[in-house]
file my_file18.txt (compact mmCIF, C-alpha atoms)
# COMPACT_ATOMS: atom_id res chain seq x y z
CA ASN A 293 111.06 99.54 93.43
CA PHE A 294 109.29 100.53 96.66
CA GLU A 295 112.39 100.36 98.86
CA GLU A 296 114.44 102.60 96.54
CA LYS A 297 111.64 105.15 96.12
CA THR A 298 110.81 105.43 99.82
CA ALA A 299 114.12 104.64 101.58
CA ILE A 300 112.13 102.29 103.85
CA ASP A 301 113.93 98.99 104.44
CA THR A 302 111.51 96.35 103.12
CA ASP A 303 111.56 92.57 103.52
CA LEU A 304 109.30 90.30 101.46
CA HIS A 305 108.63 86.68 102.42
CA ILE A 306 106.53 84.39 100.22
CA LEU A 307 105.22 81.21 101.77
CA ASN A 308 104.07 78.18 99.77
CA ASP A 309 104.11 77.96 95.99
CA GLU A 310 103.54 81.09 93.96
CA ARG A 311 100.70 80.71 91.51
CA ARG A 312 98.18 82.71 89.54
CA LEU A 313 94.73 83.40 90.97
CA GLU A 314 91.47 84.29 89.30
CA SER A 315 91.98 87.77 87.90
CA HIS A 316 89.53 89.54 90.24
CA ARG A 317 91.25 87.97 93.26
CA GLU A 318 94.69 88.96 91.99
CA VAL A 319 93.51 92.53 91.46
CA ILE A 320 91.98 92.78 94.93
CA MET A 321 95.13 91.42 96.59
CA PHE A 322 97.41 93.61 94.47
CA ARG A 323 95.39 96.76 95.19
CA SER A 324 95.26 95.85 98.89
CA ILE A 325 99.03 95.55 99.08
CA GLN A 326 99.41 98.76 97.11
CA GLU A 327 97.07 100.66 99.45
CA LEU A 328 98.73 99.31 102.60
CA LEU A 329 102.25 100.13 101.40
CA ASN A 330 101.10 103.60 100.36
CA ASN A 331 99.54 104.18 103.80
CA THR A 332 102.76 103.06 105.45
CA ARG A 333 104.78 105.43 103.28
CA GLU A 334 102.47 108.39 103.86
CA HIS A 335 101.52 108.05 107.52
CA SER A 336 103.69 105.68 109.55
CA LYS A 337 107.15 107.27 109.64
CA ALA A 338 108.46 103.70 109.56
CA SER A 339 112.03 102.75 108.78
CA HIS A 340 111.26 99.05 108.25
CA ILE A 341 108.45 97.02 106.66
CA LYS A 342 108.05 93.27 106.72
CA MET A 343 105.59 91.84 104.20
CA THR A 344 104.58 88.17 104.24
CA LEU A 345 102.49 86.71 101.43
CA ASP A 346 101.13 83.26 102.27
CA MET A 347 99.85 81.47 99.17
CA GLY A 348 97.82 78.90 101.10
CA THR A 349 95.68 76.26 99.44
CA ASP A 350 92.36 77.75 100.59
CA VAL A 351 93.30 81.25 101.75
CA ILE A 352 95.75 83.84 100.45
CA ALA A 353 96.99 86.08 103.26
CA CYS A 354 99.21 89.13 103.15
CA THR A 355 100.55 90.64 106.36
CA ILE A 356 102.31 93.99 106.36
CA GLU A 357 104.07 95.02 109.57
CA ASP A 358 105.93 98.26 110.18
CA ASN A 359 107.92 99.82 113.00
CA GLY A 360 106.30 103.21 112.58
CA GLN A 361 104.43 105.50 114.92
CA GLY A 362 101.25 103.41 114.99
CA PHE A 363 97.80 104.79 115.72
CA ASN A 364 94.64 104.01 117.61
CA PRO A 365 92.75 101.50 115.42
CA GLU A 366 89.46 102.30 117.14
CA ASN A 367 89.49 105.63 115.32
CA VAL A 368 89.76 104.10 111.86
CA PHE A 369 86.39 102.44 111.32
CA VAL A 370 84.15 104.74 113.39
CA ASP A 371 81.94 107.40 111.86
CA ALA A 372 84.12 110.45 111.17
CA SER A 373 81.35 112.75 112.41
CA ASP A 374 81.95 111.31 115.90
CA GLN A 375 85.57 112.49 115.81
CA GLU A 376 86.81 115.90 116.92
CA ASP A 377 88.74 116.29 113.67
CA GLY A 378 86.18 114.57 111.45
CA VAL A 379 87.47 115.71 108.05
CA HIS A 380 91.08 114.68 108.70
CA THR A 381 90.06 111.35 110.22
CA GLU A 382 87.66 110.62 107.37
CA ASN A 383 90.31 111.31 104.71
CA LYS A 384 92.94 109.22 106.49
CA ALA A 385 90.67 106.23 107.10
CA MET A 386 88.73 106.21 103.83
CA GLY A 387 91.27 103.98 102.09
CA LEU A 388 91.18 101.35 104.84
CA LYS A 389 87.38 101.41 104.99
CA THR A 390 87.12 100.94 101.22
CA LEU A 391 89.78 98.24 101.30
CA ARG A 392 87.93 96.31 104.00
CA GLU A 393 84.67 96.55 102.04
CA ARG A 394 86.29 95.24 98.82
CA VAL A 395 87.95 92.33 100.62
CA GLU A 396 84.73 91.40 102.45
CA LEU A 397 82.79 91.40 99.15
CA ILE A 398 84.70 88.28 98.09
CA GLY A 399 84.51 86.60 101.50
CA GLY A 400 87.81 87.90 102.87
CA SER A 401 88.81 89.86 105.94
CA LEU A 402 91.08 92.68 107.04
CA ASP A 403 92.63 92.51 110.52
CA LEU A 404 94.26 95.60 111.94
CA HIS A 405 96.56 95.74 114.97
CA SER A 406 98.25 98.98 115.91
CA GLU A 407 99.23 100.91 118.97
CA GLU A 408 100.50 104.45 119.19
CA GLY A 409 104.29 104.35 119.28
CA GLN A 410 104.36 100.60 118.53
CA GLY A 411 103.89 100.25 114.77
CA THR A 412 101.14 98.57 112.78
CA ARG A 413 100.31 95.08 111.52
CA ILE A 414 97.55 94.58 108.96
CA THR A 415 96.55 91.23 107.47
CA VAL A 416 94.36 90.84 104.40
CA ARG A 417 92.92 87.37 103.81
CA ILE A 418 90.99 86.32 100.73
CA PRO A 419 89.67 82.93 99.64
CA ALA A 420 92.05 81.37 97.12
CA GLY A 421 89.16 80.43 94.84
CA ASN A 422 89.53 78.22 91.79
CA PRO A 423 92.67 78.05 89.68
CA PRO A 424 92.36 80.30 86.62
CA ARG A 425 91.43 78.63 83.35
CA LEU A 426 94.16 78.61 80.77
CA GLY A 427 93.45 79.14 77.11

call {"tool": "encode", "arguments": {"input": "my_file18.txt", "output": "structure tokens"}}
result
Amino acid sequence: NFEEKTAIDTDLHILNDERRLESHREVIMFRSIQELLNNTREHSKASHIKMTLDMGTDVIACTIEDNGQGFNPENVFVDASDQEDGVHTENKAMGLKTLRERVELIGGSLDLHSEEGQGTRITVRIPAGNPPRLG
């Protein structure tokens, strides 16, 4: 599991009843969580992650918070050519840009809060959609 592979203390909290979603929504949420955990592992230098998955009636929200080094979020979604170190910034932010685009395509949102030296909190929200059809 993630905690064993990374040695990052990880807490998972699931709110409301777990249930299946339409397959494309499940995939988007799964890939979002995967990308965010991978970013935390690669960039944050965190020792603790708290992940909360809220299976709301109308909105599914996943918040991942870490106690890592944080960063300036203003640098993430700006054009890399405007940065002094454009190539490095572009590579580092590409995953979050792509993630935001995918989530927005289905009417969701990605909220990012981070401060250098203060860790990071990212929330992905997607519409719950219709229950999947069985059979």

call {"tool": "residues_around", "arguments": {"input": "my_file18.txt", "residues": "Cys354 (chain A)", "least_positions_apart": "2", "cutoff": "6 Å", "atoms": "all atoms listed in the file", "output": "MDAnalysis selection string"}}
result
chainID A and resid 344:345 415:416

call {"tool": "residues_around", "arguments": {"input": "my_file18.txt", "residues": "Thr349 (chain A)", "least_positions_apart": "2", "cutoff": "7 Å", "atoms": "all atoms listed in the file", "output": "list in words"}}
result
Met347, Val351 and Ala420 of chain A

call {"tool": "closest_atom_pairs", "arguments": {"input": "my_file18.txt", "of": "region 305-396 of chain A", "to": "region 400-411 of chain A", "cutoff": "10 Å", "atoms": "only C-alpha atoms", "output": "CSV"}}
result
residue,atom,partner,partner_atom,distance
A:Ser324,CA,A:Leu402,CA,9.7
A:Thr332,CA,A:Gly411,CA,9.8
A:Ser336,CA,A:Gly411,CA,7.5
A:Lys337,CA,A:Gly411,CA,9.3
A:Ala338,CA,A:Gly411,CA,7.7
A:His340,CA,A:Gly411,CA,9.9
A:Ile341,CA,A:Gly411,CA,9.8
A:Val351,CA,A:Gly400,CA,8.7
A:Ile352,CA,A:Gly400,CA,9.2
A:Ala353,CA,A:Gly400,CA,9.4
A:Cys354,CA,A:Leu402,CA,9.7
A:Thr355,CA,A:Asp403,CA,9.1
A:Ile356,CA,A:Leu404,CA,9.9
A:Glu357,CA,A:Gly411,CA,7.4
A:Asp358,CA,A:Gly411,CA,5.4
A:Asn359,CA,A:Gly411,CA,4.4
A:Gly360,CA,A:Gly411,CA,4.4
A:Gln361,CA,A:Gly409,CA,4.5
A:Gly362,CA,A:Gly411,CA,4.1
A:Phe363,CA,A:Glu408,CA,4.4
A:Asn364,CA,A:Glu407,CA,5.7
A:Pro365,CA,A:Ser406,CA,6.1
A:Glu366,CA,A:Ser406,CA,9.5
A:Val368,CA,A:Leu404,CA,9.6
A:Leu388,CA,A:Leu402,CA,8.9
A:Lys389,CA,A:Leu402,CA,9.7
A:Leu391,CA,A:Leu402,CA,8.1
A:Arg392,CA,A:Leu402,CA,5.7
A:Glu393,CA,A:Ser401,CA,8.8
A:Arg394,CA,A:Gly400,CA,8.5
A:Val395,CA,A:Gly400,CA,5.0
A:Glu396,CA,A:Gly400,CA,4.7

call {"tool": "write_last_selection", "arguments": {"input": "my_file18.txt", "atoms": "C-alpha atoms", "output": "PDB file, in the frame of the given file"}}
result
ATOM      1  CA  SER A 324      95.260  95.850  98.890  1.00  0.00           C
ATOM      2  CA  THR A 332     102.760 103.060 105.450  1.00  0.00           C
ATOM      3  CA  SER A 336     103.690 105.680 109.550  1.00  0.00           C
ATOM      4  CA  LYS A 337     107.150 107.270 109.640  1.00  0.00           C
ATOM      5  CA  ALA A 338     108.460 103.700 109.560  1.00  0.00           C
ATOM      6  CA  HIS A 340     111.260  99.050 108.250  1.00  0.00           C
ATOM      7  CA  ILE A 341     108.450  97.020 106.660  1.00  0.00           C
ATOM      8  CA  VAL A 351      93.300  81.250 101.750  1.00  0.00           C
ATOM      9  CA  ILE A 352      95.750  83.840 100.450  1.00  0.00           C
ATOM     10  CA  ALA A 353      96.990  86.080 103.260  1.00  0.00           C
ATOM     11  CA  CYS A 354      99.210  89.130 103.150  1.00  0.00           C
ATOM     12  CA  THR A 355     100.550  90.640 106.360  1.00  0.00           C
ATOM     13  CA  ILE A 356     102.310  93.990 106.360  1.00  0.00           C
ATOM     14  CA  GLU A 357     104.070  95.020 109.570  1.00  0.00           C
ATOM     15  CA  ASP A 358     105.930  98.260 110.180  1.00  0.00           C
ATOM     16  CA  ASN A 359     107.920  99.820 113.000  1.00  0.00           C
ATOM     17  CA  GLY A 360     106.300 103.210 112.580  1.00  0.00           C
ATOM     18  CA  GLN A 361     104.430 105.500 114.920  1.00  0.00           C
ATOM     19  CA  GLY A 362     101.250 103.410 114.990  1.00  0.00           C
ATOM     20  CA  PHE A 363      97.800 104.790 115.720  1.00  0.00           C
ATOM     21  CA  ASN A 364      94.640 104.010 117.610  1.00  0.00           C
ATOM     22  CA  PRO A 365      92.750 101.500 115.420  1.00  0.00           C
ATOM     23  CA  GLU A 366      89.460 102.300 117.140  1.00  0.00           C
ATOM     24  CA  VAL A 368      89.760 104.100 111.860  1.00  0.00           C
ATOM     25  CA  LEU A 388      91.180 101.350 104.840  1.00  0.00           C
ATOM     26  CA  LYS A 389      87.380 101.410 104.990  1.00  0.00           C
ATOM     27  CA  LEU A 391      89.780  98.240 101.300  1.00  0.00           C
ATOM     28  CA  ARG A 392      87.930  96.310 104.000  1.00  0.00           C
ATOM     29  CA  GLU A 393      84.670  96.550 102.040  1.00  0.00           C
ATOM     30  CA  ARG A 394      86.290  95.240  98.820  1.00  0.00           C
ATOM     31  CA  VAL A 395      87.950  92.330 100.620  1.00  0.00           C
ATOM     32  CA  GLU A 396      84.730  91.400 102.450  1.00  0.00           C
TER      33      GLU A 396
END

call {"tool": "atom_distance", "arguments": {"input": "my_file18.txt", "atom1": "CA of Ile414 (chain A)", "atom2": "CA of Arg317 (chain A)"}}
result
18.2 Å

call {"tool": "atom_distance", "arguments": {"input": "my_file18.txt", "atom1": "CA of His305 (chain A)", "atom2": "CA of Arg323 (chain A)"}}
result
18.1 Å

call {"tool": "atom_distance", "arguments": {"input": "my_file18.txt", "atom1": "CA of Thr298 (chain A)", "atom2": "CA of Ile320 (chain A)"}}
result
23.2 Å

call {"tool": "closest_residue", "arguments": {"input": "my_file18.txt", "among": "A:Gly387, A:Pro419, A:Pro424, A:Gly348", "to": "Met321 (chain A)", "atoms": "all atoms listed in the file"}}
result
A:Pro419

call {"tool": "closest_residue", "arguments": {"input": "my_file18.txt", "among": "A:Ile300, A:Leu397, A:Leu313, A:Ile306", "to": "Asn330 (chain A)", "atoms": "only C-alpha atoms"}}
result
A:Ile300
